[in-house]
file final22.cif (mmCIF, C-alpha atoms)
data_query
#
loop_
_atom_site.label_atom_id
_atom_site.label_comp_id
_atom_site.auth_asym_id
_atom_site.auth_seq_id
_atom_site.Cartn_x
_atom_site.Cartn_y
_atom_site.Cartn_z
CA MET N 533 -40.70 121.96 -84.66
CA GLY N 534 -42.02 122.01 -88.23
CA LEU N 535 -40.36 120.21 -91.09
CA GLU N 536 -38.14 122.69 -92.96
CA PRO N 537 -37.18 122.18 -96.64
CA ARG N 538 -33.47 121.52 -97.07
CA ALA N 539 -31.65 124.09 -99.18
CA ASP N 540 -29.50 121.40 -100.83
CA GLU N 541 -32.36 119.08 -101.79
CA ARG N 542 -32.07 117.90 -105.39
CA VAL N 543 -33.92 115.68 -107.84
CA ARG N 544 -31.69 113.74 -110.22
CA TYR N 545 -32.96 112.78 -113.69
CA GLU N 546 -30.99 110.23 -115.73
CA PHE N 547 -31.81 109.77 -119.43
CA GLY N 548 -30.50 106.54 -120.96
CA PHE N 549 -30.60 106.58 -124.79
CA PRO N 550 -30.67 103.56 -127.14
CA ASP N 551 -27.17 104.40 -128.45
CA GLY N 552 -25.72 104.09 -124.95
CA ARG N 553 -25.61 107.79 -124.12
CA LEU N 554 -26.42 108.77 -120.54
CA TRP N 555 -27.46 112.34 -119.82
CA VAL N 556 -27.94 113.51 -116.24
CA HIS N 557 -29.68 116.65 -115.03
CA GLU N 558 -30.11 117.64 -111.40
CA VAL N 559 -32.75 120.11 -110.26
CA ASP N 560 -32.10 122.08 -107.11
CA LEU N 561 -35.48 122.43 -105.43
CA ALA N 562 -34.34 125.76 -103.99
CA GLY N 563 -34.30 126.93 -107.60
CA THR N 564 -30.62 127.63 -108.19
CA GLY N 565 -28.98 124.41 -109.40
CA GLY N 566 -28.57 123.14 -112.95
CA ARG N 567 -28.93 126.52 -114.67
CA VAL N 568 -26.53 128.30 -116.96
CA GLU N 569 -25.54 131.77 -115.77
CA THR N 570 -26.05 133.45 -119.14
CA GLY N 571 -28.62 132.07 -121.52
CA PRO N 572 -28.69 131.79 -125.31
CA GLU N 573 -30.40 134.39 -127.48
CA TRP N 574 -33.75 132.58 -127.36
CA ALA N 575 -33.69 132.87 -123.55
CA LEU N 576 -33.54 136.69 -123.56
CA LEU N 577 -36.62 138.06 -121.81
CA GLY N 578 -37.54 140.25 -124.77
CA PHE N 579 -37.34 137.35 -127.25
CA GLN N 580 -40.98 136.30 -127.80
CA GLN N 581 -41.79 137.42 -124.26
CA CYS N 582 -45.04 136.02 -122.85
CA SER N 583 -47.91 138.44 -123.38
CA HIS N 584 -48.76 138.49 -119.65
CA CYS N 585 -45.18 138.55 -118.30
CA PRO N 586 -44.83 141.13 -115.48
CA LEU N 587 -41.02 141.35 -115.85
CA ASN N 588 -39.31 144.26 -117.58
CA ALA N 589 -36.76 143.42 -120.28
CA ALA N 590 -34.90 146.64 -119.42
CA GLU N 591 -34.29 145.30 -115.90
CA VAL N 592 -34.13 141.53 -116.38
CA ARG N 593 -31.86 140.04 -119.06
CA ASP N 594 -33.20 136.48 -119.30
CA CYS N 595 -36.56 134.77 -118.95
CA PRO N 596 -36.22 132.69 -115.74
CA PHE N 597 -38.07 129.69 -117.21
CA ALA N 598 -36.05 129.80 -120.44
CA LEU N 599 -32.82 130.03 -118.49
CA ALA N 600 -33.77 126.89 -116.56
CA LEU N 601 -34.43 125.08 -119.88
CA ALA N 602 -31.22 126.20 -121.63
CA ARG N 603 -29.09 123.20 -120.62
CA PRO N 604 -31.70 120.48 -121.37
CA VAL N 605 -32.51 122.06 -124.74
CA ALA N 606 -28.83 122.32 -125.71
CA VAL N 607 -28.31 118.61 -125.01
CA LEU N 608 -31.62 117.19 -126.22
CA ALA N 609 -32.63 119.44 -129.11
CA ARG N 610 -31.47 116.91 -131.72
CA SER N 611 -33.44 113.99 -130.28
CA PRO N 612 -36.94 113.23 -131.60
CA SER N 613 -39.81 113.12 -129.15
CA TYR N 614 -40.78 109.53 -130.01
CA GLU N 615 -37.33 108.14 -129.11
CA GLU N 616 -37.50 105.55 -126.32
CA VAL N 617 -35.41 106.33 -123.25
CA ARG N 618 -34.67 104.49 -120.01
CA MET N 619 -35.49 106.93 -117.26
CA ALA N 620 -34.30 106.90 -113.68
CA VAL N 621 -35.29 109.59 -111.18
CA PHE N 622 -33.66 109.81 -107.75
CA TRP N 623 -34.68 112.00 -104.83
CA ARG N 624 -34.98 111.67 -101.04
CA GLY N 625 -33.66 108.13 -101.08
CA ARG N 626 -36.28 107.05 -103.61
CA GLU N 627 -35.81 105.79 -107.12
CA ILE N 628 -38.28 105.57 -109.99
CA ARG N 629 -37.40 103.84 -113.26
CA GLN N 630 -39.49 103.81 -116.41
CA GLN N 631 -39.09 102.99 -120.07
CA THR N 632 -40.88 105.78 -121.89
CA THR N 633 -40.68 108.28 -124.72
CA LEU N 634 -38.42 111.29 -124.55
CA GLN N 635 -41.53 113.46 -124.83
CA ARG N 636 -43.03 112.11 -121.62
CA ALA N 637 -39.71 112.09 -119.78
CA LEU N 638 -39.07 115.71 -120.74
CA GLY N 639 -42.60 116.70 -119.75
CA SER N 640 -41.86 115.51 -116.21
CA LEU N 641 -38.49 117.29 -116.07
CA LEU N 642 -39.71 120.53 -117.66
CA GLY N 643 -42.60 120.76 -115.20
CA LEU N 644 -40.17 120.57 -112.30
CA LEU N 645 -37.83 123.11 -113.90
CA GLY N 646 -40.68 125.52 -114.49
CA ALA N 647 -41.91 125.31 -110.91
CA THR N 648 -38.45 126.09 -109.51
CA SER N 649 -37.32 128.57 -112.18
CA GLY N 650 -38.45 131.80 -110.56
CA CYS N 651 -41.01 132.63 -113.27
CA PRO N 652 -43.65 134.86 -111.60
CA HIS N 653 -46.45 132.74 -113.06
CA THR N 654 -45.08 129.38 -111.87
CA ARG N 655 -43.96 130.37 -108.36
CA MET N 656 -47.15 129.01 -106.77
CA LEU N 657 -46.18 125.55 -108.08
CA ARG N 658 -43.06 125.47 -105.91
CA ALA N 659 -44.93 123.74 -103.08
CA MET N 660 -45.79 120.92 -105.49
CA ALA N 661 -42.15 120.76 -106.57
CA TRP N 662 -41.03 120.00 -103.01
CA PHE N 663 -43.23 116.89 -103.23
CA HIS N 664 -42.47 116.12 -106.87
CA TRP N 665 -43.90 112.95 -108.41
CA PRO N 666 -42.43 112.04 -111.82
CA PHE N 667 -44.63 110.92 -114.73
CA SER N 668 -47.90 111.93 -113.04
CA SER N 669 -51.14 111.09 -114.83
CA SER N 670 -53.82 113.74 -115.35
CA ALA N 671 -55.80 112.40 -112.35
CA GLU N 672 -52.69 112.47 -110.15
CA THR N 673 -51.88 116.00 -111.30
CA LEU N 674 -55.43 117.13 -110.48
CA TYR N 675 -55.22 115.48 -107.03
CA ARG N 676 -51.87 117.07 -106.25
CA SER N 677 -52.95 120.49 -107.54
CA LEU N 678 -56.18 120.55 -105.55
CA GLY N 679 -54.59 119.09 -102.44
CA THR N 680 -51.64 121.47 -102.49
CA TYR N 681 -53.78 124.55 -103.07
CA LEU N 682 -56.35 123.68 -100.40
CA LEU N 683 -53.64 122.91 -97.86
CA GLY N 684 -52.08 126.26 -98.70
CA GLN N 685 -55.42 127.97 -98.00
CA HIS N 686 -55.69 126.14 -94.67
CA LEU N 687 -52.23 127.38 -93.71
CA ARG N 688 -53.18 130.91 -94.82
CA ARG N 689 -56.19 130.85 -92.51
CA GLN N 690 -54.03 129.70 -89.62
CA ARG N 691 -51.93 132.83 -90.15
CA GLY N 692 -54.95 135.12 -90.16
CA LEU N 693 -55.00 135.55 -93.94
CA GLU N 694 -58.08 135.25 -96.14
CA PRO N 695 -58.36 131.73 -97.62
CA ASP N 696 -59.61 131.05 -101.14
CA TRP N 697 -61.85 128.03 -100.66
CA ASP N 698 -63.55 128.60 -104.03
CA MET N 699 -60.11 128.09 -105.67
CA ASP N 700 -60.46 131.09 -107.97
CA GLY N 701 -56.73 131.67 -107.55
CA LEU N 702 -55.97 128.13 -108.70
CA ARG N 703 -58.02 128.64 -111.86
CA GLU N 704 -56.16 131.87 -112.54
CA LEU N 705 -52.85 130.09 -111.94
CA TYR N 706 -53.61 127.46 -114.59
CA ARG N 707 -54.89 130.02 -117.07
CA ASN N 708 -51.61 131.90 -116.71
CA LEU N 709 -49.68 128.63 -116.91
CA ARG N 710 -51.22 127.83 -120.28
CA LEU N 711 -50.07 131.20 -121.61
CA VAL N 712 -46.57 130.53 -120.24
CA ASN N 713 -46.49 127.16 -122.01
CA LEU N 714 -47.50 128.81 -125.29
CA GLY N 715 -44.78 131.42 -124.86
CA MET N 716 -42.12 128.84 -124.07
CA ALA N 717 -43.19 126.73 -127.05
CA GLY N 718 -42.53 129.74 -129.27
CA ARG N 719 -39.04 130.09 -127.83
CA LEU N 720 -38.28 126.41 -128.25
CA ARG N 721 -39.40 126.41 -131.86
CA ALA N 722 -36.53 128.80 -132.46
CA ALA N 723 -34.08 126.67 -130.49
CA ALA N 724 -34.86 123.01 -131.19
CA GLU N 725 -33.81 121.22 -134.36
CA GLU N 726 -36.09 118.33 -133.50
CA ASP N 727 -39.33 118.37 -131.57
CA SER N 728 -38.47 116.69 -128.26
CA SER N 729 -38.38 119.74 -126.00
CA LEU N 730 -41.32 121.35 -127.78
CA ASN N 731 -43.38 118.18 -127.41
CA GLY N 732 -42.47 118.04 -123.74
CA LEU N 733 -44.05 121.47 -123.35
CA ILE N 734 -47.08 120.45 -125.40
CA LEU N 735 -47.56 117.56 -122.96
CA LEU N 736 -47.37 120.02 -120.06
CA ASP N 737 -49.92 122.27 -121.72
CA LEU N 738 -52.29 119.32 -122.20
CA LEU N 739 -52.02 118.54 -118.49
CA ALA N 740 -52.59 122.21 -117.62
CA ALA N 741 -55.61 122.34 -119.94
CA ASP N 742 -56.99 119.12 -118.47
CA THR N 743 -56.56 120.39 -114.92
CA LEU N 744 -58.14 123.75 -115.75
CA TYR N 745 -61.10 122.01 -117.42
CA SER N 746 -61.57 119.79 -114.38
CA LEU N 747 -61.53 122.84 -112.11
CA ASP N 748 -64.10 124.68 -114.24
CA SER N 749 -66.28 121.64 -115.05
CA TYR N 750 -65.65 119.04 -112.37
CA GLU N 751 -67.48 115.82 -113.22
CA GLY N 752 -66.50 113.64 -110.28
CA GLU N 753 -63.15 112.44 -111.63
CA LEU N 754 -61.81 111.92 -108.11
CA ASP N 755 -65.04 111.04 -106.28
CA GLY N 756 -64.36 107.31 -106.35
CA PHE N 757 -61.27 107.77 -104.20
CA PHE N 758 -63.21 109.64 -101.49
CA ALA N 759 -66.23 107.40 -100.89
CA GLU N 760 -65.61 107.38 -97.12
CA TYR N 761 -65.90 111.18 -97.01
CA PHE N 762 -69.47 111.06 -98.32
CA GLU N 763 -70.86 108.79 -95.58
CA GLU N 764 -73.42 110.28 -93.22
CA GLY N 765 -72.41 110.52 -89.57
#
call {"tool": "encode", "arguments": {"input": "final22.cif", "output": "C-alpha cells"}}
result
Amino acid sequence: MGLEPRADERVRYEFGFPDGRLWVHEVDLAGTGGRVETGPEWALLGFQQCSHCPLNAAEVRDCPFALALARPVAVLARSPSYEEVRMAVFWRGREIRQQTTLQRALGSLLGLLGATSGCPHTRMLRAMAWFHWPFSSSAETLYRSLGTYLLGQHLRRQRGLEPDWDMDGLRELYRNLRLVNLGMAGRLRAAAEEDSSLNGLILLDLLAADTLYSLDSYEGELDGFFAEYFEEG
C-alpha cells in the first residue's frame, strides 16, 4: 500500500522576537488551516489582481494566496525585515531552530503558504510542500524543484500519461511564479507599514529567479553531488 498524505498534517512555525513576543502560525498541508475566512480589502481578487490570474473576480471574492497571507501580515506588518528572530519549525516529529532575520524566516513561511493556498499558479508546488524544508538555500531549492518535477513525470508515465522530460512545464511554472510574486508584492505594499512581509516575498522572488535561471542556463551547479552517476559502466 502506498504512503498516503495525512489530512491533518501541519507545520508549526514559532517566531520569537527580541522583546519576548512569541507568534505561532500553523500551516495545514491540506491547504485549509491557518486562514481567515474573509480577507481584508487588499486580499480581494480584483485588488491589483495578477495579470495572468485565471480566476474571475465576479465568481471568486478573495485571492487564495492573499487570503493565506492575511493573518501573518496582520501580525507582522509592523516589524522590520532586518529584525532578528529566534525561529523554531516543527513538523513530523522534527524540529529545526535558527536565529535569523524576519525577512528570511518569512520567506520560508510564505513559500509554504503559497504552495498550499490554492492559487492556480502555485498548485504544482504542493508536492514540494508535503516534503517542506525550511530555510532552503538556492541550491537546495533547485535540487528539490528538479527532483520533485522529474519524479512527478515518472509517476505520470506509470499512469500512461505523457511525461515532460525536457521540463518545459517547470520553466513555465517558475515564470508564472515570478509574476505571482510581483502581484503579491503590490498587494503587500498596500498592507504593510514596514517591509518585513514584502521583503519575504522579494526573497522568494530571488529564489524563483535563481531557479528559473538555472533551468534555462544550467552551468553544473549540482554536478558535484552526482559524480557517481557519471561513471562509465
call {"tool": "atom_distance", "arguments": {"input": "final22.cif", "atom1": "CA of Ser729 in chain N", "atom2": "CA of Gln635 in chain N"}}
result
7.1 Å
call {"tool": "residues_around", "arguments": {"input": "final22.cif", "residues": "Cys582 in chain N", "least_positions_apart": "5", "cutoff": "12 Å", "atoms": "all atoms listed in the file", "output": "PyMOL selection string"}}
result
chain N and resi 575-577+587-589+595-598+651-653+708-719
call {"tool": "write_last_selection", "arguments": {"input": "final22.cif", "atoms": "C-alpha atoms", "output": "CSV table (one decimal), in the frame of the given file"}}
result
chain,number,residue,atom,x,y,z
N,575,ALA,CA,-33.7,132.9,-123.6
N,576,LEU,CA,-33.5,136.7,-123.6
N,577,LEU,CA,-36.6,138.1,-121.8
N,587,LEU,CA,-41.0,141.4,-115.8
N,588,ASN,CA,-39.3,144.3,-117.6
N,589,ALA,CA,-36.8,143.4,-120.3
N,595,CYS,CA,-36.6,134.8,-119.0
N,596,PRO,CA,-36.2,132.7,-115.7
N,597,PHE,CA,-38.1,129.7,-117.2
N,598,ALA,CA,-36.0,129.8,-120.4
N,651,CYS,CA,-41.0,132.6,-113.3
N,652,PRO,CA,-43.6,134.9,-111.6
N,653,HIS,CA,-46.4,132.7,-113.1
N,708,ASN,CA,-51.6,131.9,-116.7
N,709,LEU,CA,-49.7,128.6,-116.9
N,710,ARG,CA,-51.2,127.8,-120.3
N,711,LEU,CA,-50.1,131.2,-121.6
N,712,VAL,CA,-46.6,130.5,-120.2
N,713,ASN,CA,-46.5,127.2,-122.0
N,714,LEU,CA,-47.5,128.8,-125.3
N,715,GLY,CA,-44.8,131.4,-124.9
N,716,MET,CA,-42.1,128.8,-124.1
N,717,ALA,CA,-43.2,126.7,-127.0
N,718,GLY,CA,-42.5,129.7,-129.3
N,719,ARG,CA,-39.0,130.1,-127.8
call {"tool": "closest_residue", "arguments": {"input": "final22.cif", "among": "N:Leu738, N:Leu674, N:Ala759, N:Val617", "to": "Gly552 in chain N", "atoms": "all atoms listed in the file"}}
result
N:Val617
call {"tool": "atom_distance", "arguments": {"input": "final22.cif", "atom1": "CA of Leu634 in chain N", "atom2": "CA of Arg658 in chain N"}}
result
23.9 Å
call {"tool": "atom_distance", "arguments": {"input": "final22.cif", "atom1": "CA of Ala637 in chain N", "atom2": "CA of Gly732 in chain N"}}
result
7.7 Å
call {"tool": "closest_residue", "arguments": {"input": "final22.cif", "among": "N:His557, N:Arg636, N:Arg544, N:Arg676", "to": "Ala600 in chain N", "atoms": "all atoms listed in the file"}}
result
N:His557
call {"tool": "closest_atom_pairs", "arguments": {"input": "final22.cif", "of": "range 638-665 of chain N", "to": "range 683-703 of chain N", "cutoff": "12 Å", "atoms": "only C-alpha atoms", "output": "Markdown table"}}
result
| residue | atom | partner | partner_atom | distance |
| --- | --- | --- | --- | --- |
| N:His653 | CA | N:Leu702 | CA | 11.4 |
| N:Thr654 | CA | N:Leu702 | CA | 11.4 |
| N:Met656 | CA | N:Leu702 | CA | 9.1 |
| N:Leu657 | CA | N:Leu702 | CA | 10.1 |
| N:Arg658 | CA | N:Gly684 | CA | 11.6 |
| N:Ala659 | CA | N:Gly684 | CA | 8.8 |
| N:Met660 | CA | N:Gly684 | CA | 10.7 |
call {"tool": "resolve_selection", "arguments": {"input": "final22.cif", "expression": "the PyMOL selection byres ((chain N and resi 642) around 9)", "output": "number ranges by chain"}}
result
N: 600-601, 604, 637-641, 643-647, 729, 732-733, 736
call {"tool": "closest_residue", "arguments": {"input": "final22.cif", "among": "N:Leu554, N:Val543, N:Leu720, N:Leu599", "to": "Gly650 in chain N", "atoms": "only C-alpha atoms"}}
result
N:Leu599
call {"tool": "axis_aligned_box", "arguments": {"input": "final22.cif", "around": "range 669-685 of chain N", "padding_each_side": "8 Å", "output": "AutoDock Vina command-line options"}}
result
--center_x -53.7 --center_y 119.5 --center_z -106.6 --size_x 21.2 --size_y 32.9 --size_z 33.5
call {"tool": "residues_around", "arguments": {"input": "final22.cif", "residues": "range 750-753 of chain N", "least_positions_apart": "5", "cutoff": "12 Å", "atoms": "all atoms listed in the file", "output": "list of chain:residue names"}}
result
N:Ser670, N:Ala671, N:Glu672, N:Thr673, N:Leu674, N:Tyr675, N:Leu678, N:Asp742, N:Thr743, N:Leu744, N:Tyr745, N:Phe758, N:Ala759
call {"tool": "closest_residue", "arguments": {"input": "final22.cif", "among": "N:Tyr706, N:Tyr681, N:Phe757, N:Phe622", "to": "Phe547 in chain N", "atoms": "all atoms listed in the file"}}
result
N:Phe622
call {"tool": "decode", "arguments": {"input": "final22.cif", "residues": "range 637-718 of chain N", "atoms": "C-alpha atoms", "output": "PDB file, in the first residue's frame"}}
result
ATOM      1  CA  ALA N 637      12.010  33.453   8.297  1.00  0.00           C
ATOM      2  CA  LEU N 638       9.017  34.936   6.487  1.00  0.00           C
ATOM      3  CA  GLY N 639      10.391  33.836   3.124  1.00  0.00           C
ATOM      4  CA  SER N 640      10.281  30.234   4.337  1.00  0.00           C
ATOM      5  CA  LEU N 641       6.758  30.566   5.756  1.00  0.00           C
ATOM      6  CA  LEU N 642       5.344  32.493   2.784  1.00  0.00           C
ATOM      7  CA  GLY N 643       6.657  29.893   0.351  1.00  0.00           C
ATOM      8  CA  LEU N 644       4.808  27.164   2.232  1.00  0.00           C
ATOM      9  CA  LEU N 645       1.640  29.257   2.434  1.00  0.00           C
ATOM     10  CA  GLY N 646       1.743  29.967  -1.287  1.00  0.00           C
ATOM     11  CA  ALA N 647       2.155  26.307  -2.206  1.00  0.00           C
ATOM     12  CA  THR N 648      -0.863  25.276  -0.112  1.00  0.00           C
ATOM     13  CA  SER N 649      -3.049  28.334  -0.765  1.00  0.00           C
ATOM     14  CA  GLY N 650      -4.999  27.089  -3.760  1.00  0.00           C
ATOM     15  CA  CYS N 651      -3.574  29.695  -6.156  1.00  0.00           C
ATOM     16  CA  PRO N 652      -3.807  28.162  -9.669  1.00  0.00           C
ATOM     17  CA  HIS N 653      -0.193  29.116 -10.387  1.00  0.00           C
ATOM     18  CA  THR N 654       1.279  27.580  -7.221  1.00  0.00           C
ATOM     19  CA  ARG N 655      -0.709  24.326  -7.119  1.00  0.00           C
ATOM     20  CA  MET N 656       2.132  22.349  -8.727  1.00  0.00           C
ATOM     21  CA  LEU N 657       4.306  23.246  -5.711  1.00  0.00           C
ATOM     22  CA  ARG N 658       2.034  21.304  -3.354  1.00  0.00           C
ATOM     23  CA  ALA N 659       4.117  18.147  -3.756  1.00  0.00           C
ATOM     24  CA  MET N 660       7.148  20.086  -2.514  1.00  0.00           C
ATOM     25  CA  ALA N 661       5.091  21.395   0.403  1.00  0.00           C
ATOM     26  CA  TRP N 662       4.414  17.849   1.631  1.00  0.00           C
ATOM     27  CA  PHE N 663       8.196  17.496   1.968  1.00  0.00           C
ATOM     28  CA  HIS N 664       8.828  21.040   3.165  1.00  0.00           C
ATOM     29  CA  TRP N 665      12.361  22.031   4.163  1.00  0.00           C
ATOM     30  CA  PRO N 666      12.612  25.387   5.988  1.00  0.00           C
ATOM     31  CA  PHE N 667      15.296  27.955   5.133  1.00  0.00           C
ATOM     32  CA  SER N 668      16.386  26.190   1.931  1.00  0.00           C
ATOM     33  CA  SER N 669      19.363  27.611   0.059  1.00  0.00           C
ATOM     34  CA  SER N 670      19.170  28.297  -3.677  1.00  0.00           C
ATOM     35  CA  ALA N 671      20.998  25.008  -4.428  1.00  0.00           C
ATOM     36  CA  GLU N 672      18.627  23.061  -2.171  1.00  0.00           C
ATOM     37  CA  THR N 673      15.622  24.734  -3.800  1.00  0.00           C
ATOM     38  CA  LEU N 674      16.931  23.828  -7.256  1.00  0.00           C
ATOM     39  CA  TYR N 675      17.523  20.213  -6.154  1.00  0.00           C
ATOM     40  CA  ARG N 676      14.056  19.886  -4.646  1.00  0.00           C
ATOM     41  CA  SER N 677      12.369  21.552  -7.635  1.00  0.00           C
ATOM     42  CA  LEU N 678      14.108  19.363 -10.202  1.00  0.00           C
ATOM     43  CA  GLY N 679      13.719  16.201  -8.149  1.00  0.00           C
ATOM     44  CA  THR N 680      10.042  16.782  -7.434  1.00  0.00           C
ATOM     45  CA  TYR N 681       9.191  17.622 -11.037  1.00  0.00           C
ATOM     46  CA  LEU N 682      11.089  14.682 -12.525  1.00  0.00           C
ATOM     47  CA  LEU N 683       9.562  12.256 -10.044  1.00  0.00           C
ATOM     48  CA  GLY N 684       6.160  13.650 -10.991  1.00  0.00           C
ATOM     49  CA  GLN N 685       6.920  12.956 -14.666  1.00  0.00           C
ATOM     50  CA  HIS N 686       7.972   9.397 -13.806  1.00  0.00           C
ATOM     51  CA  LEU N 687       4.677   8.865 -11.991  1.00  0.00           C
ATOM     52  CA  ARG N 688       2.791  10.366 -14.954  1.00  0.00           C
ATOM     53  CA  ARG N 689       4.429   7.863 -17.297  1.00  0.00           C
ATOM     54  CA  GLN N 690       3.477   5.000 -14.992  1.00  0.00           C
ATOM     55  CA  ARG N 691      -0.148   6.103 -15.396  1.00  0.00           C
ATOM     56  CA  GLY N 692       0.071   6.198 -19.176  1.00  0.00           C
ATOM     57  CA  LEU N 693       0.343   9.993 -19.367  1.00  0.00           C
ATOM     58  CA  GLU N 694       2.870  11.906 -21.456  1.00  0.00           C
ATOM     59  CA  PRO N 695       5.924  12.873 -19.347  1.00  0.00           C
ATOM     60  CA  ASP N 696       7.761  16.180 -19.742  1.00  0.00           C
ATOM     61  CA  TRP N 697      11.399  15.132 -19.521  1.00  0.00           C
ATOM     62  CA  ASP N 698      12.557  18.428 -21.073  1.00  0.00           C
ATOM     63  CA  MET N 699      10.978  20.220 -18.064  1.00  0.00           C
ATOM     64  CA  ASP N 700       9.285  22.873 -20.192  1.00  0.00           C
ATOM     65  CA  GLY N 701       6.395  22.796 -17.728  1.00  0.00           C
ATOM     66  CA  LEU N 702       8.734  23.513 -14.828  1.00  0.00           C
ATOM     67  CA  ARG N 703      10.140  26.559 -16.616  1.00  0.00           C
ATOM     68  CA  GLU N 704       6.618  27.798 -17.258  1.00  0.00           C
ATOM     69  CA  LEU N 705       5.740  27.196 -13.603  1.00  0.00           C
ATOM     70  CA  TYR N 706       8.596  29.407 -12.399  1.00  0.00           C
ATOM     71  CA  ARG N 707       7.867  32.121 -14.947  1.00  0.00           C
ATOM     72  CA  ASN N 708       4.296  32.244 -13.666  1.00  0.00           C
ATOM     73  CA  LEU N 709       5.538  32.138 -10.076  1.00  0.00           C
ATOM     74  CA  ARG N 710       7.636  35.257 -10.625  1.00  0.00           C
ATOM     75  CA  LEU N 711       4.553  37.106 -11.873  1.00  0.00           C
ATOM     76  CA  VAL N 712       2.614  35.910  -8.818  1.00  0.00           C
ATOM     77  CA  ASN N 713       5.359  37.208  -6.526  1.00  0.00           C
ATOM     78  CA  LEU N 714       5.249  40.598  -8.250  1.00  0.00           C
ATOM     79  CA  GLY N 715       1.484  40.722  -7.872  1.00  0.00           C
ATOM     80  CA  MET N 716       1.593  39.774  -4.200  1.00  0.00           C
ATOM     81  CA  ALA N 717       4.307  42.360  -3.559  1.00  0.00           C
ATOM     82  CA  GLY N 718       1.953  45.010  -4.917  1.00  0.00           C
TER      83      GLY N 718
END
